[in-house]
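In what follows, a structure is listed as structure tokens, so that the remarks can point back to it.
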Amino acid sequence: MMAVPSRIRTQKGWPDATMSASGQVRWGIVGTANIARAQFLPGLRQAGGIAAAVASRDAARAAQFASDNGIERSIAGYENLVTDPGVDALYIPLPNSLHAEWTIRALEAGRPVLCEKPLCGTLPDTERVLEVAGQTGTLLWEAFAFPFHLQLHEIKKLLQDGAIGDLMEIKSNFHFSLRNPANIRLSRQLQGGALLDVGCYPVRLAQELFGPSYDAAWASAVTGGDGVDVDTWGVLNYPGGRRLMLSSGLGRSYDTFTTLEGTSGQIRITNPFHPRASDSYQLVVGSSEDRTFMSGAHEPSFTAAIRHIHAVLGGSEPPRQLAVETSLPTARALADLAAWLRRPEPVLPGAADGSSSATAADG
């Protein structure tokens with residue numbers, strides 16, 4: 001794991017950020033992605049920040065997005081936003097293929113960054129971004145909101161208290177239905193696909209609960225769109241016989257159901273990633289100790305993460321969950337899983353004993 005630069009470890013506030021007269025953090029949004037409207041902006045407003053500016057390569061598109069979403073200013077061109085003196089931090093929800101370029105530009109400009117997950121679409125790009133973050137000391141977070149949620153904190157307490165014995169297996173889904181064939185998630189050139197878009201969530205959850213070191217990876221997928229994985233399943237093996245079994249996709253109804261299986265019980269979670277107030281988790285040990293807990297989610301999913309960033313920039317909290325601490329193991333696991341998706345078709349039943357009805361000799 002990459003070491004946290006001393007400038008970040010010892011920092012109290014962000015000296016280059018002037019912030020607004022009210023002390024609120026002024027955010028710039030690099031791009032007009034739907035997730036900015038649906039997830040980031042509600043969390044930002046609940047956390048007390050200012051939506052100061054949005055940029056697009058198309059000036060009219062930026063202006064329309066700003067008008068529709070209550071953003072103070074629109075800016076033509078990403079570079080003009082990165083260097084704008086009227087913003088204190090940047091949120092980058094661009095397609096995966098553009099994350100490295102614009103995160104690096106922002107870091108080099110001294111702008112704290114919240115970059116959408118995955119941090120980058122490839123492992124080399126991730127390593128390059130993290131190197132720049134380390135060299136500059138500029139604060140960088142990958143936009144996984146759930147590690148900041150009360151729900152995960154409470155689930156970790158149950159695990160630490162031995163409520164289900166030793167955690168041995170995580171079975172975690174993240175599926176949703178994508179109907180627009182022009183969506184960027186279906187573009188190979190933009191580094192789309194189910195594994196990077198939503199499969200990264202179970203991978204990061206396993207990292208939170210098992211730690212960063214795994215022993216082996218395997219995955220398979222159905223291909224669609226412009227040659228991307230649209231239905232993906234895989235396994236990460238961890239030391240001590242523990243494992244993550246993940247399933248992710250872009251063609252099924254919304255499903256984030258996750259089970260934590262221990263030596264003496266289970267924790268069943270309806271939505272570990274973006275829980276709503278109606279979501280819950282259930283402790284199942286086969287006795288009167290079985291209990292159901294509500295998620296405790298009473299604010300937009302991004303709120304706690306953004307509130308933490310505000311506290312760091314204001315000097316009242318040390319930074320947690322920085323990309324230089326957390327993102328490289330996630331990127332390595334995603335790269336190892338993705339490597340299996342580029343292999344030839346799986347061996348058919350009976351191939352090992354020569355009885356398969358379809359072999360290479362069949363032409």
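By convention here, the chains of the structure tokens are called A, B, ... in the order presented, each chain's residues are numbered starting at 1, and ligands are numbered starting at 1 in the order presented.
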
**OP:** For region 138-142 of chain A, please output as an MDAnalysis selection string all residues within 10 Å (counting only C-alpha atoms; exclusion window: fewer than 6 positions along the same chain).
**Re:** chainID A and resid 5 7:8 11 14 89:92 103 106:120 129:130 132 305 309 312:313 319:327

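Relative to CA of Asp215 (chain A), CA of Phe146 (chain A) is found at 24.8 Å.
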
Subject >> Spatial neighbours of region 169-174 of chain A, 6 Å, only C-alpha atoms, chain gap at least 5 places, as a PyMOL selection string >> reply: chain A and resi 198+202+242-248+255-261

Please produce an output containing C-alpha atoms for each residue in the selection, written as a PDB file, in the first residue's frame.
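Saved as result_16.pdb:
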```pdb
ATOM      1  CA  VAL A 198     -20.598  -1.570 -10.140  1.00  0.00           C
ATOM      2  CA  PRO A 202     -18.210  -5.581  -3.745  1.00  0.00           C
ATOM      3  CA  ARG A 242     -11.894 -16.530   3.030  1.00  0.00           C
ATOM      4  CA  ARG A 243     -13.477 -15.336  -0.188  1.00  0.00           C
ATOM      5  CA  LEU A 244     -15.523 -12.705  -1.967  1.00  0.00           C
ATOM      6  CA  MET A 245     -18.106 -13.939  -4.468  1.00  0.00           C
ATOM      7  CA  LEU A 246     -19.345 -11.021  -6.536  1.00  0.00           C
ATOM      8  CA  SER A 247     -22.012 -10.597  -9.170  1.00  0.00           C
ATOM      9  CA  SER A 248     -22.515  -7.377 -11.108  1.00  0.00           C
ATOM     10  CA  ASP A 255     -30.062  -5.581  -6.625  1.00  0.00           C
ATOM     11  CA  THR A 256     -27.403  -4.905  -4.013  1.00  0.00           C
ATOM     12  CA  PHE A 257     -28.216  -7.777  -1.658  1.00  0.00           C
ATOM     13  CA  THR A 258     -25.141  -8.882   0.233  1.00  0.00           C
ATOM     14  CA  THR A 259     -24.524 -11.677   2.735  1.00  0.00           C
ATOM     15  CA  LEU A 260     -21.644 -11.838   5.193  1.00  0.00           C
ATOM     16  CA  GLU A 261     -21.203 -15.486   6.157  1.00  0.00           C
TER      17      GLU A 261
END
```

Original post:
Excluding same-chain residues fewer than 3 positions from region 175-177 of chain A, what lies within 6 Å of it counting only C-alpha atoms, as number ranges by chain?
Top reply: A: 248-255

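Compared by their closest atoms to Ser280 (chain A), and using only C-alpha atoms, the residues A:Asp161, A:Glu154, A:Asp68, A:Asp58 rank with A:Glu154 nearest.
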
Subject >> For His308 (chain A), the nearest of the candidates A:Trp27, A:Trp102, A:Phe148, A:Trp340, counting only C-alpha atoms >> reply: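 Smallest separation from His308 (chain A) among the options: A:Phe148.
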
Subject >> Near-Gln151 (chain A) list (8 Å; only C-alpha atoms; drop same-chain fewer than 6 positions) as a PyMOL selection string >> reply: chain A and resi 272+295-297

**OP:** Between CA of Ile267 (chain A) and CA of Gln282 (chain A), measure the distance and give it in Å to one decimal.
**Re:** 5.4 Å

**OP:** Please report, as a ChimeraX atom specification, each residue of region 116-308 of chain A to which DSSP assigns alpha helix (DSSP H) when run on this structure's backbone.
**Re:** /A:123-136,150-160,194,200-210,303-308

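The residue set within 12 Å of Gly165 (chain A), counting only C-alpha atoms and dropping same-chain residues fewer than 2 places from it, reads A:Leu158, A:Leu159, A:Gln160, A:Asp161, A:Gly162, A:Ala163, A:Leu167, A:Met168, A:Glu169, A:Leu260, A:Glu261, A:Gly262, A:Thr263, A:Ser264, A:Gly265, A:Gln266, A:Ile267, A:Leu283, A:Val284, A:Val285.
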